[in-house]
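Listing of input12.txt, compact mmCIF, N, CA and C atoms
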```txt
# COMPACT_ATOMS: atom_id res chain seq x y z
N MET A 1 48.81 68.44 186.36
CA MET A 1 47.59 68.69 185.61
C MET A 1 46.52 69.31 186.49
N ALA A 2 46.44 68.89 187.75
CA ALA A 2 45.43 69.41 188.67
C ALA A 2 45.63 70.91 188.90
N GLU A 3 46.91 71.37 188.92
CA GLU A 3 47.18 72.79 189.11
C GLU A 3 46.63 73.61 187.95
N ILE A 4 46.75 73.11 186.74
CA ILE A 4 46.26 73.81 185.56
C ILE A 4 44.75 73.96 185.63
N PHE A 5 44.05 72.88 185.97
CA PHE A 5 42.60 72.92 185.96
C PHE A 5 42.00 73.62 187.18
N GLY A 6 42.85 74.08 188.10
CA GLY A 6 42.39 74.86 189.24
C GLY A 6 42.59 76.35 189.03
N ASN A 7 43.15 76.75 187.89
CA ASN A 7 43.47 78.15 187.63
C ASN A 7 42.65 78.64 186.44
N TRP A 8 41.55 79.33 186.67
CA TRP A 8 40.67 79.73 185.57
C TRP A 8 41.35 80.72 184.64
N ARG A 9 42.25 81.55 185.16
CA ARG A 9 42.93 82.53 184.29
C ARG A 9 43.84 81.82 183.28
N LEU A 10 44.58 80.83 183.74
CA LEU A 10 45.42 80.04 182.84
C LEU A 10 44.55 79.27 181.85
N LEU A 11 43.47 78.68 182.34
CA LEU A 11 42.59 77.91 181.47
C LEU A 11 41.98 78.78 180.37
N ILE A 12 41.54 79.97 180.72
CA ILE A 12 40.91 80.82 179.69
C ILE A 12 41.96 81.33 178.71
N PHE A 13 43.19 81.58 179.18
CA PHE A 13 44.26 81.97 178.26
C PHE A 13 44.57 80.83 177.29
N LEU A 14 44.71 79.61 177.82
CA LEU A 14 44.94 78.45 176.96
C LEU A 14 43.79 78.25 175.98
N TYR A 15 42.58 78.45 176.46
CA TYR A 15 41.40 78.36 175.58
C TYR A 15 41.51 79.35 174.43
N LEU A 16 41.90 80.59 174.72
CA LEU A 16 42.00 81.62 173.68
C LEU A 16 43.03 81.25 172.63
N VAL A 17 44.19 80.83 173.06
CA VAL A 17 45.26 80.49 172.12
C VAL A 17 44.87 79.28 171.27
N VAL A 18 44.38 78.24 171.92
CA VAL A 18 44.01 77.01 171.20
C VAL A 18 42.85 77.28 170.24
N SER A 19 41.88 78.08 170.65
CA SER A 19 40.74 78.39 169.79
C SER A 19 41.16 79.17 168.55
N ALA A 20 42.11 80.06 168.70
CA ALA A 20 42.60 80.83 167.56
C ALA A 20 43.28 79.92 166.54
N VAL A 21 44.10 79.01 167.02
CA VAL A 21 44.77 78.06 166.12
C VAL A 21 43.74 77.15 165.46
N TRP A 22 42.73 76.72 166.23
CA TRP A 22 41.67 75.86 165.69
C TRP A 22 40.98 76.51 164.49
N ALA A 23 40.66 77.78 164.61
CA ALA A 23 39.95 78.46 163.52
C ALA A 23 40.79 78.49 162.24
N MET A 24 42.09 78.73 162.38
CA MET A 24 42.97 78.71 161.21
C MET A 24 43.04 77.31 160.60
N LEU A 25 43.17 76.29 161.44
CA LEU A 25 43.26 74.93 160.93
C LEU A 25 41.96 74.50 160.24
N ALA A 26 40.83 75.00 160.72
CA ALA A 26 39.56 74.69 160.07
C ALA A 26 39.56 75.20 158.64
N LYS A 27 40.08 76.41 158.44
CA LYS A 27 40.16 76.97 157.09
C LYS A 27 41.08 76.14 156.22
N ILE A 28 42.25 75.78 156.74
CA ILE A 28 43.20 74.97 155.96
C ILE A 28 42.59 73.62 155.62
N THR A 29 41.89 73.01 156.57
CA THR A 29 41.26 71.71 156.34
C THR A 29 40.32 71.75 155.16
N THR A 30 39.52 72.82 155.05
CA THR A 30 38.55 72.91 153.95
C THR A 30 39.23 73.08 152.59
N ASN A 31 40.52 73.39 152.57
CA ASN A 31 41.26 73.43 151.31
C ASN A 31 41.55 72.02 150.78
N TYR A 32 41.42 71.00 151.61
CA TYR A 32 41.79 69.64 151.25
C TYR A 32 40.62 68.66 151.19
N MET A 33 39.46 69.04 151.71
CA MET A 33 38.34 68.10 151.72
C MET A 33 37.01 68.84 151.75
N ASN A 34 35.93 68.15 151.39
CA ASN A 34 34.62 68.78 151.39
C ASN A 34 34.13 68.98 152.82
N ALA A 35 33.05 69.75 152.95
CA ALA A 35 32.55 70.13 154.27
C ALA A 35 32.11 68.93 155.10
N PHE A 36 31.52 67.91 154.46
CA PHE A 36 31.05 66.74 155.20
C PHE A 36 32.22 65.94 155.76
N THR A 37 33.23 65.71 154.93
CA THR A 37 34.41 64.97 155.38
C THR A 37 35.16 65.76 156.44
N ALA A 38 35.30 67.07 156.22
CA ALA A 38 36.00 67.92 157.19
C ALA A 38 35.27 67.92 158.53
N SER A 39 33.94 68.09 158.49
CA SER A 39 33.17 68.12 159.73
C SER A 39 33.29 66.81 160.49
N LEU A 40 33.14 65.70 159.79
CA LEU A 40 33.24 64.41 160.44
C LEU A 40 34.64 64.22 161.03
N SER A 41 35.66 64.57 160.29
CA SER A 41 37.04 64.40 160.76
C SER A 41 37.33 65.29 161.96
N VAL A 42 36.91 66.55 161.88
CA VAL A 42 37.16 67.50 162.96
C VAL A 42 36.44 67.07 164.24
N LEU A 43 35.16 66.74 164.12
CA LEU A 43 34.40 66.35 165.31
C LEU A 43 34.90 65.04 165.91
N THR A 44 35.29 64.13 165.06
CA THR A 44 35.85 62.87 165.55
C THR A 44 37.15 63.14 166.30
N CYS A 45 37.97 64.00 165.74
CA CYS A 45 39.25 64.31 166.39
C CYS A 45 39.06 65.09 167.69
N ALA A 46 38.02 65.91 167.76
CA ALA A 46 37.73 66.61 169.02
C ALA A 46 37.41 65.59 170.12
N TRP A 47 36.61 64.61 169.77
CA TRP A 47 36.29 63.55 170.73
C TRP A 47 37.56 62.79 171.12
N LEU A 48 38.40 62.52 170.15
CA LEU A 48 39.63 61.79 170.42
C LEU A 48 40.56 62.57 171.34
N THR A 49 40.56 63.90 171.26
CA THR A 49 41.41 64.71 172.13
C THR A 49 41.09 64.45 173.59
N VAL A 50 39.82 64.44 173.91
CA VAL A 50 39.41 64.16 175.29
C VAL A 50 39.87 62.75 175.68
N LEU A 51 39.68 61.80 174.80
CA LEU A 51 40.12 60.44 175.05
C LEU A 51 41.63 60.38 175.26
N LEU A 52 42.36 61.14 174.46
CA LEU A 52 43.82 61.10 174.52
C LEU A 52 44.39 61.66 175.82
N PHE A 53 43.63 62.51 176.51
CA PHE A 53 44.10 62.98 177.81
C PHE A 53 44.22 61.81 178.78
N SER A 54 43.39 60.79 178.57
CA SER A 54 43.42 59.61 179.43
C SER A 54 44.30 58.50 178.86
N MET A 55 44.47 58.50 177.56
CA MET A 55 45.22 57.42 176.90
C MET A 55 46.31 58.02 176.01
N PRO A 56 47.39 58.55 176.60
CA PRO A 56 48.42 59.25 175.82
C PRO A 56 49.22 58.37 174.87
N ARG A 57 49.12 57.06 175.00
CA ARG A 57 49.90 56.18 174.13
C ARG A 57 49.24 55.94 172.78
N VAL A 58 48.02 56.40 172.57
CA VAL A 58 47.32 56.19 171.31
C VAL A 58 47.92 57.11 170.24
N SER A 59 48.18 56.56 169.06
CA SER A 59 48.68 57.41 167.96
C SER A 59 48.08 56.93 166.64
N PHE A 60 47.91 57.89 165.73
CA PHE A 60 47.32 57.60 164.42
C PHE A 60 48.16 58.29 163.34
N ALA A 61 48.04 57.81 162.11
CA ALA A 61 48.69 58.45 160.97
C ALA A 61 47.62 58.81 159.95
N TRP A 62 47.63 60.03 159.44
CA TRP A 62 46.64 60.50 158.49
C TRP A 62 47.31 61.05 157.24
N ASN A 63 46.52 61.16 156.14
CA ASN A 63 47.03 61.86 154.97
C ASN A 63 47.01 63.36 155.26
N ARG A 64 47.48 64.18 154.34
CA ARG A 64 47.63 65.61 154.61
C ARG A 64 46.33 66.30 155.02
N GLY A 65 45.25 66.07 154.29
CA GLY A 65 43.98 66.69 154.63
C GLY A 65 43.46 66.24 156.00
N LEU A 66 43.57 64.95 156.26
CA LEU A 66 43.13 64.44 157.56
C LEU A 66 44.04 64.91 158.69
N LEU A 67 45.31 65.15 158.38
CA LEU A 67 46.22 65.67 159.39
C LEU A 67 45.78 67.06 159.85
N PHE A 68 45.41 67.92 158.91
CA PHE A 68 44.90 69.25 159.29
C PHE A 68 43.58 69.13 160.04
N ALA A 69 42.71 68.23 159.60
CA ALA A 69 41.44 68.02 160.30
C ALA A 69 41.69 67.51 161.72
N ALA A 70 42.65 66.61 161.85
CA ALA A 70 42.98 66.08 163.18
C ALA A 70 43.51 67.17 164.08
N ALA A 71 44.41 68.01 163.57
CA ALA A 71 44.95 69.11 164.35
C ALA A 71 43.85 70.08 164.76
N CYS A 72 42.95 70.36 163.84
CA CYS A 72 41.81 71.24 164.13
C CYS A 72 40.93 70.63 165.22
N GLY A 73 40.64 69.36 165.11
CA GLY A 73 39.83 68.68 166.12
C GLY A 73 40.49 68.67 167.48
N ILE A 74 41.79 68.47 167.49
CA ILE A 74 42.53 68.47 168.75
C ILE A 74 42.46 69.85 169.40
N MET A 75 42.65 70.89 168.61
CA MET A 75 42.56 72.25 169.15
C MET A 75 41.15 72.51 169.70
N GLY A 76 40.12 72.07 168.97
CA GLY A 76 38.75 72.26 169.44
C GLY A 76 38.46 71.50 170.72
N GLY A 77 38.93 70.27 170.79
CA GLY A 77 38.73 69.48 172.01
C GLY A 77 39.47 70.06 173.20
N ALA A 78 40.71 70.49 172.98
CA ALA A 78 41.49 71.09 174.07
C ALA A 78 40.85 72.39 174.54
N SER A 79 40.39 73.22 173.59
CA SER A 79 39.77 74.49 174.00
C SER A 79 38.49 74.24 174.80
N SER A 80 37.74 73.18 174.45
CA SER A 80 36.54 72.85 175.23
C SER A 80 36.90 72.47 176.65
N LEU A 81 37.95 71.68 176.80
CA LEU A 81 38.40 71.30 178.14
C LEU A 81 38.79 72.54 178.95
N PHE A 82 39.56 73.45 178.34
CA PHE A 82 39.98 74.68 179.04
C PHE A 82 38.77 75.54 179.39
N PHE A 83 37.83 75.66 178.43
CA PHE A 83 36.65 76.49 178.63
C PHE A 83 35.79 75.98 179.78
N TYR A 84 35.45 74.69 179.75
CA TYR A 84 34.60 74.14 180.81
C TYR A 84 35.33 74.11 182.14
N GLY A 85 36.65 73.92 182.10
CA GLY A 85 37.44 74.00 183.33
C GLY A 85 37.39 75.40 183.93
N ALA A 86 37.51 76.42 183.09
CA ALA A 86 37.43 77.80 183.56
C ALA A 86 36.04 78.10 184.10
N LEU A 87 35.01 77.59 183.42
CA LEU A 87 33.63 77.81 183.89
C LEU A 87 33.40 77.23 185.28
N ARG A 88 34.12 76.16 185.58
CA ARG A 88 33.96 75.53 186.89
C ARG A 88 34.43 76.46 188.02
N HIS A 89 35.36 77.36 187.70
CA HIS A 89 35.98 78.19 188.73
C HIS A 89 35.63 79.67 188.66
N ALA A 90 34.86 80.07 187.67
CA ALA A 90 34.51 81.49 187.53
C ALA A 90 33.12 81.60 186.90
N PRO A 91 32.45 82.72 187.09
CA PRO A 91 31.09 82.90 186.57
C PRO A 91 31.05 82.91 185.04
N VAL A 92 29.96 82.41 184.50
CA VAL A 92 29.80 82.36 183.05
C VAL A 92 29.78 83.77 182.45
N ASN A 93 29.25 84.76 183.18
CA ASN A 93 29.22 86.12 182.63
C ASN A 93 30.60 86.76 182.61
N LEU A 94 31.59 86.11 183.17
CA LEU A 94 32.97 86.54 183.06
C LEU A 94 33.70 85.71 182.00
N ILE A 95 33.52 84.39 182.04
CA ILE A 95 34.24 83.50 181.14
C ILE A 95 33.82 83.65 179.68
N VAL A 96 32.52 83.70 179.42
CA VAL A 96 32.07 83.74 178.02
C VAL A 96 32.54 85.02 177.31
N PRO A 97 32.38 86.20 177.89
CA PRO A 97 32.91 87.38 177.19
C PRO A 97 34.42 87.32 176.97
N ILE A 98 35.16 86.86 177.98
CA ILE A 98 36.61 86.76 177.80
C ILE A 98 36.96 85.74 176.72
N SER A 99 36.24 84.62 176.71
CA SER A 99 36.52 83.60 175.70
C SER A 99 36.26 84.09 174.28
N SER A 100 35.44 85.11 174.16
CA SER A 100 35.15 85.68 172.84
C SER A 100 36.36 86.37 172.22
N LEU A 101 37.38 86.61 173.01
CA LEU A 101 38.60 87.21 172.48
C LEU A 101 39.33 86.30 171.49
N TYR A 102 38.92 85.04 171.39
CA TYR A 102 39.56 84.16 170.41
C TYR A 102 39.46 84.75 169.01
N ILE A 103 38.45 85.54 168.76
CA ILE A 103 38.27 86.17 167.45
C ILE A 103 39.46 87.08 167.14
N VAL A 104 39.92 87.82 168.12
CA VAL A 104 41.08 88.71 167.94
C VAL A 104 42.31 87.88 167.59
N PHE A 105 42.55 86.79 168.34
CA PHE A 105 43.68 85.92 168.05
C PHE A 105 43.57 85.35 166.64
N THR A 106 42.38 84.95 166.23
CA THR A 106 42.17 84.36 164.91
C THR A 106 42.47 85.36 163.80
N ILE A 107 41.98 86.59 163.94
CA ILE A 107 42.22 87.61 162.92
C ILE A 107 43.72 87.87 162.77
N ILE A 108 44.41 87.98 163.88
CA ILE A 108 45.86 88.24 163.84
C ILE A 108 46.60 87.04 163.25
N LEU A 109 46.29 85.84 163.72
CA LEU A 109 46.96 84.65 163.20
C LEU A 109 46.67 84.42 161.73
N SER A 110 45.44 84.65 161.30
CA SER A 110 45.12 84.45 159.88
C SER A 110 45.83 85.47 159.01
N SER A 111 46.04 86.65 159.54
CA SER A 111 46.79 87.68 158.81
C SER A 111 48.26 87.28 158.70
N VAL A 112 48.84 86.82 159.80
CA VAL A 112 50.26 86.48 159.83
C VAL A 112 50.55 85.18 159.07
N PHE A 113 49.77 84.12 159.33
CA PHE A 113 50.10 82.80 158.79
C PHE A 113 49.38 82.43 157.51
N LEU A 114 48.19 83.00 157.27
CA LEU A 114 47.46 82.66 156.05
C LEU A 114 47.52 83.78 155.01
N GLY A 115 48.13 84.91 155.39
CA GLY A 115 48.25 86.03 154.46
C GLY A 115 46.95 86.76 154.20
N GLU A 116 45.96 86.58 155.09
CA GLU A 116 44.68 87.28 154.91
C GLU A 116 44.86 88.75 155.27
N THR A 117 44.13 89.61 154.57
CA THR A 117 44.23 91.04 154.77
C THR A 117 43.60 91.45 156.09
N LEU A 118 44.30 92.32 156.80
CA LEU A 118 43.80 92.91 158.04
C LEU A 118 43.47 94.36 157.74
N THR A 119 42.17 94.66 157.67
CA THR A 119 41.73 95.99 157.26
C THR A 119 41.62 96.94 158.46
N LEU A 120 41.55 98.22 158.17
CA LEU A 120 41.35 99.23 159.21
C LEU A 120 40.03 98.99 159.93
N LYS A 121 39.02 98.58 159.17
CA LYS A 121 37.71 98.28 159.76
C LYS A 121 37.81 97.13 160.76
N GLN A 122 38.59 96.10 160.41
CA GLN A 122 38.77 94.97 161.32
C GLN A 122 39.55 95.40 162.57
N LEU A 123 40.57 96.23 162.37
CA LEU A 123 41.31 96.74 163.53
C LEU A 123 40.41 97.55 164.45
N ALA A 124 39.55 98.36 163.87
CA ALA A 124 38.59 99.12 164.68
C ALA A 124 37.65 98.16 165.40
N GLY A 125 37.22 97.11 164.73
CA GLY A 125 36.36 96.10 165.35
C GLY A 125 37.05 95.40 166.51
N ILE A 126 38.34 95.12 166.35
CA ILE A 126 39.11 94.51 167.43
C ILE A 126 39.13 95.43 168.65
N VAL A 127 39.43 96.70 168.42
CA VAL A 127 39.47 97.67 169.53
C VAL A 127 38.10 97.77 170.20
N LEU A 128 37.04 97.87 169.40
CA LEU A 128 35.69 97.96 169.96
C LEU A 128 35.30 96.67 170.69
N GLY A 129 35.69 95.53 170.12
CA GLY A 129 35.39 94.26 170.76
C GLY A 129 36.08 94.11 172.10
N ILE A 130 37.34 94.47 172.15
CA ILE A 130 38.08 94.41 173.42
C ILE A 130 37.47 95.38 174.43
N THR A 131 37.08 96.56 173.95
CA THR A 131 36.40 97.53 174.83
C THR A 131 35.10 96.97 175.36
N ALA A 132 34.31 96.33 174.48
CA ALA A 132 33.04 95.75 174.91
C ALA A 132 33.25 94.66 175.95
N ILE A 133 34.23 93.81 175.73
CA ILE A 133 34.50 92.73 176.67
C ILE A 133 34.97 93.32 178.01
N TRP A 134 35.80 94.35 177.95
CA TRP A 134 36.24 95.01 179.18
C TRP A 134 35.05 95.57 179.94
N LEU A 135 34.11 96.22 179.21
CA LEU A 135 32.92 96.77 179.86
C LEU A 135 32.05 95.66 180.45
N LEU A 136 31.93 94.53 179.74
CA LEU A 136 31.10 93.42 180.22
C LEU A 136 31.69 92.73 181.46
N THR A 137 33.00 92.77 181.60
CA THR A 137 33.63 92.01 182.67
C THR A 137 34.15 92.85 183.83
N SER A 138 33.99 94.16 183.73
CA SER A 138 34.52 95.02 184.83
C SER A 138 33.42 95.44 185.79
```

Please express the file's structure as structure tokens.
Amino acid sequence: MAEIFGNWRLLIFLYLVVSAVWAMLAKITTNYMNAFTASLSVLTCAWLTVLLFSMPRVSFAWNRGLLFAAACGIMGGASSLFFYGALRHAPVNLIVPISSLYIVFTIILSSVFLGETLTLKQLAGIVLGITAIWLLTS
């Protein structure tokens, strides 16, 4: 575990992947519960993710809506750990722009797994966004 948290490149990559999955799970969660219940469930599960890194034997069982909320919270908590770990080893003006690439992962994943339309305008935005991040970090 110490090797992972000493490598900002690995941490930011893990952050990007986990954040993209989190955004999709947030959408699925709202299909099963109202915003207040979803928010409480997601934020509670984010807190639990950090706790679970220290207490791996803890386990819970949820109904379908809470299961998606729990998965979303876990992804959010894990991405926070990766993000702050990366910040510890690299400048914020490098980490924050790179971490913004989660949007690209989310658009692609939502298109593939949720069947959402990927428009030419969005593809152009992805290219421009990646260009902007490259300019900000080079």

Residue list (helix (DSSP H, G or I), DSSP) for region 6-106 of chain A, as a ChimeraX atom specification:
/A:6,8-30,35-54,64-89,92-99,102-106

Kindly give the distance, in Å, that separates atom N of Leu14 (chain A) and atom N of Phe68 (chain A), rounded to a single decimal.
22.2 Å

Residues of region 21-58 of chain A that approach region 96-111 of chain A to 8 Å or less, counting all atoms listed in the file: could you list each one with the shortest pair of atoms and its distance in Å to one decimal, rows by chain and increasing residue number, as a tab-separated table?
```
residue	atom	partner	partner_atom	distance
A:Val21	N	A:Thr106	CA	6.1
A:Trp22	N	A:Thr106	CA	7.8
A:Ala23	CA	A:Thr106	CA	6.5
A:Met24	N	A:Thr106	CA	6.2
```

If we count only C-alpha atoms and set the cut-off at 12 Å, which residues sit around Leu10 (chain A), ignoring sequence neighbours fewer than 2 positions away in its own chain? Please answer as number ranges by chain.
A: 1, 3-8, 12-17, 79, 82-83, 85-86, 89-90, 95, 99

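Between atom C of Ala26 (chain A) and CA of Leu136 (chain A) lies a distance of 29.5 Å.
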
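Put simply, atom C of Ala71 (chain A) is 6.2 Å away from CA of Leu25 (chain A).
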
Written-out region 32-48 of chain A (N, CA and C atoms) as a compact mmCIF listing (two decimals), in the first residue's frame:
```txt
# COMPACT_ATOMS: atom_id res chain seq x y z
N TYR A 32 -33.22 5.25 -8.24
CA TYR A 32 -33.82 4.41 -7.21
C TYR A 32 -34.22 5.15 -5.94
N MET A 33 -33.77 6.40 -5.77
CA MET A 33 -34.10 7.11 -4.54
C MET A 33 -34.07 8.61 -4.76
N ASN A 34 -34.70 9.36 -3.86
CA ASN A 34 -34.73 10.82 -3.99
C ASN A 34 -33.36 11.40 -3.66
N ALA A 35 -33.20 12.69 -3.97
CA ALA A 35 -31.90 13.34 -3.83
C ALA A 35 -31.40 13.36 -2.39
N PHE A 36 -32.31 13.53 -1.43
CA PHE A 36 -31.89 13.58 -0.02
C PHE A 36 -31.38 12.23 0.45
N THR A 37 -32.12 11.17 0.12
CA THR A 37 -31.69 9.82 0.51
C THR A 37 -30.41 9.44 -0.20
N ALA A 38 -30.32 9.77 -1.50
CA ALA A 38 -29.12 9.45 -2.27
C ALA A 38 -27.91 10.19 -1.71
N SER A 39 -28.07 11.49 -1.43
CA SER A 39 -26.95 12.27 -0.90
C SER A 39 -26.48 11.72 0.44
N LEU A 40 -27.41 11.44 1.33
CA LEU A 40 -27.04 10.91 2.63
C LEU A 40 -26.34 9.56 2.48
N SER A 41 -26.87 8.70 1.64
CA SER A 41 -26.28 7.37 1.44
C SER A 41 -24.89 7.47 0.83
N VAL A 42 -24.75 8.30 -0.19
CA VAL A 42 -23.47 8.44 -0.89
C VAL A 42 -22.41 9.01 0.05
N LEU A 43 -22.75 10.09 0.76
CA LEU A 43 -21.76 10.71 1.65
C LEU A 43 -21.40 9.81 2.82
N THR A 44 -22.38 9.08 3.32
CA THR A 44 -22.10 8.13 4.39
C THR A 44 -21.16 7.04 3.89
N CYS A 45 -21.42 6.55 2.70
CA CYS A 45 -20.57 5.50 2.15
C CYS A 45 -19.17 6.00 1.81
N ALA A 46 -19.05 7.27 1.43
CA ALA A 46 -17.71 7.84 1.20
C ALA A 46 -16.91 7.81 2.49
N TRP A 47 -17.54 8.20 3.57
CA TRP A 47 -16.88 8.16 4.88
C TRP A 47 -16.51 6.72 5.23
N LEU A 48 -17.41 5.81 4.96
CA LEU A 48 -17.15 4.41 5.29
C LEU A 48 -15.97 3.85 4.48
```
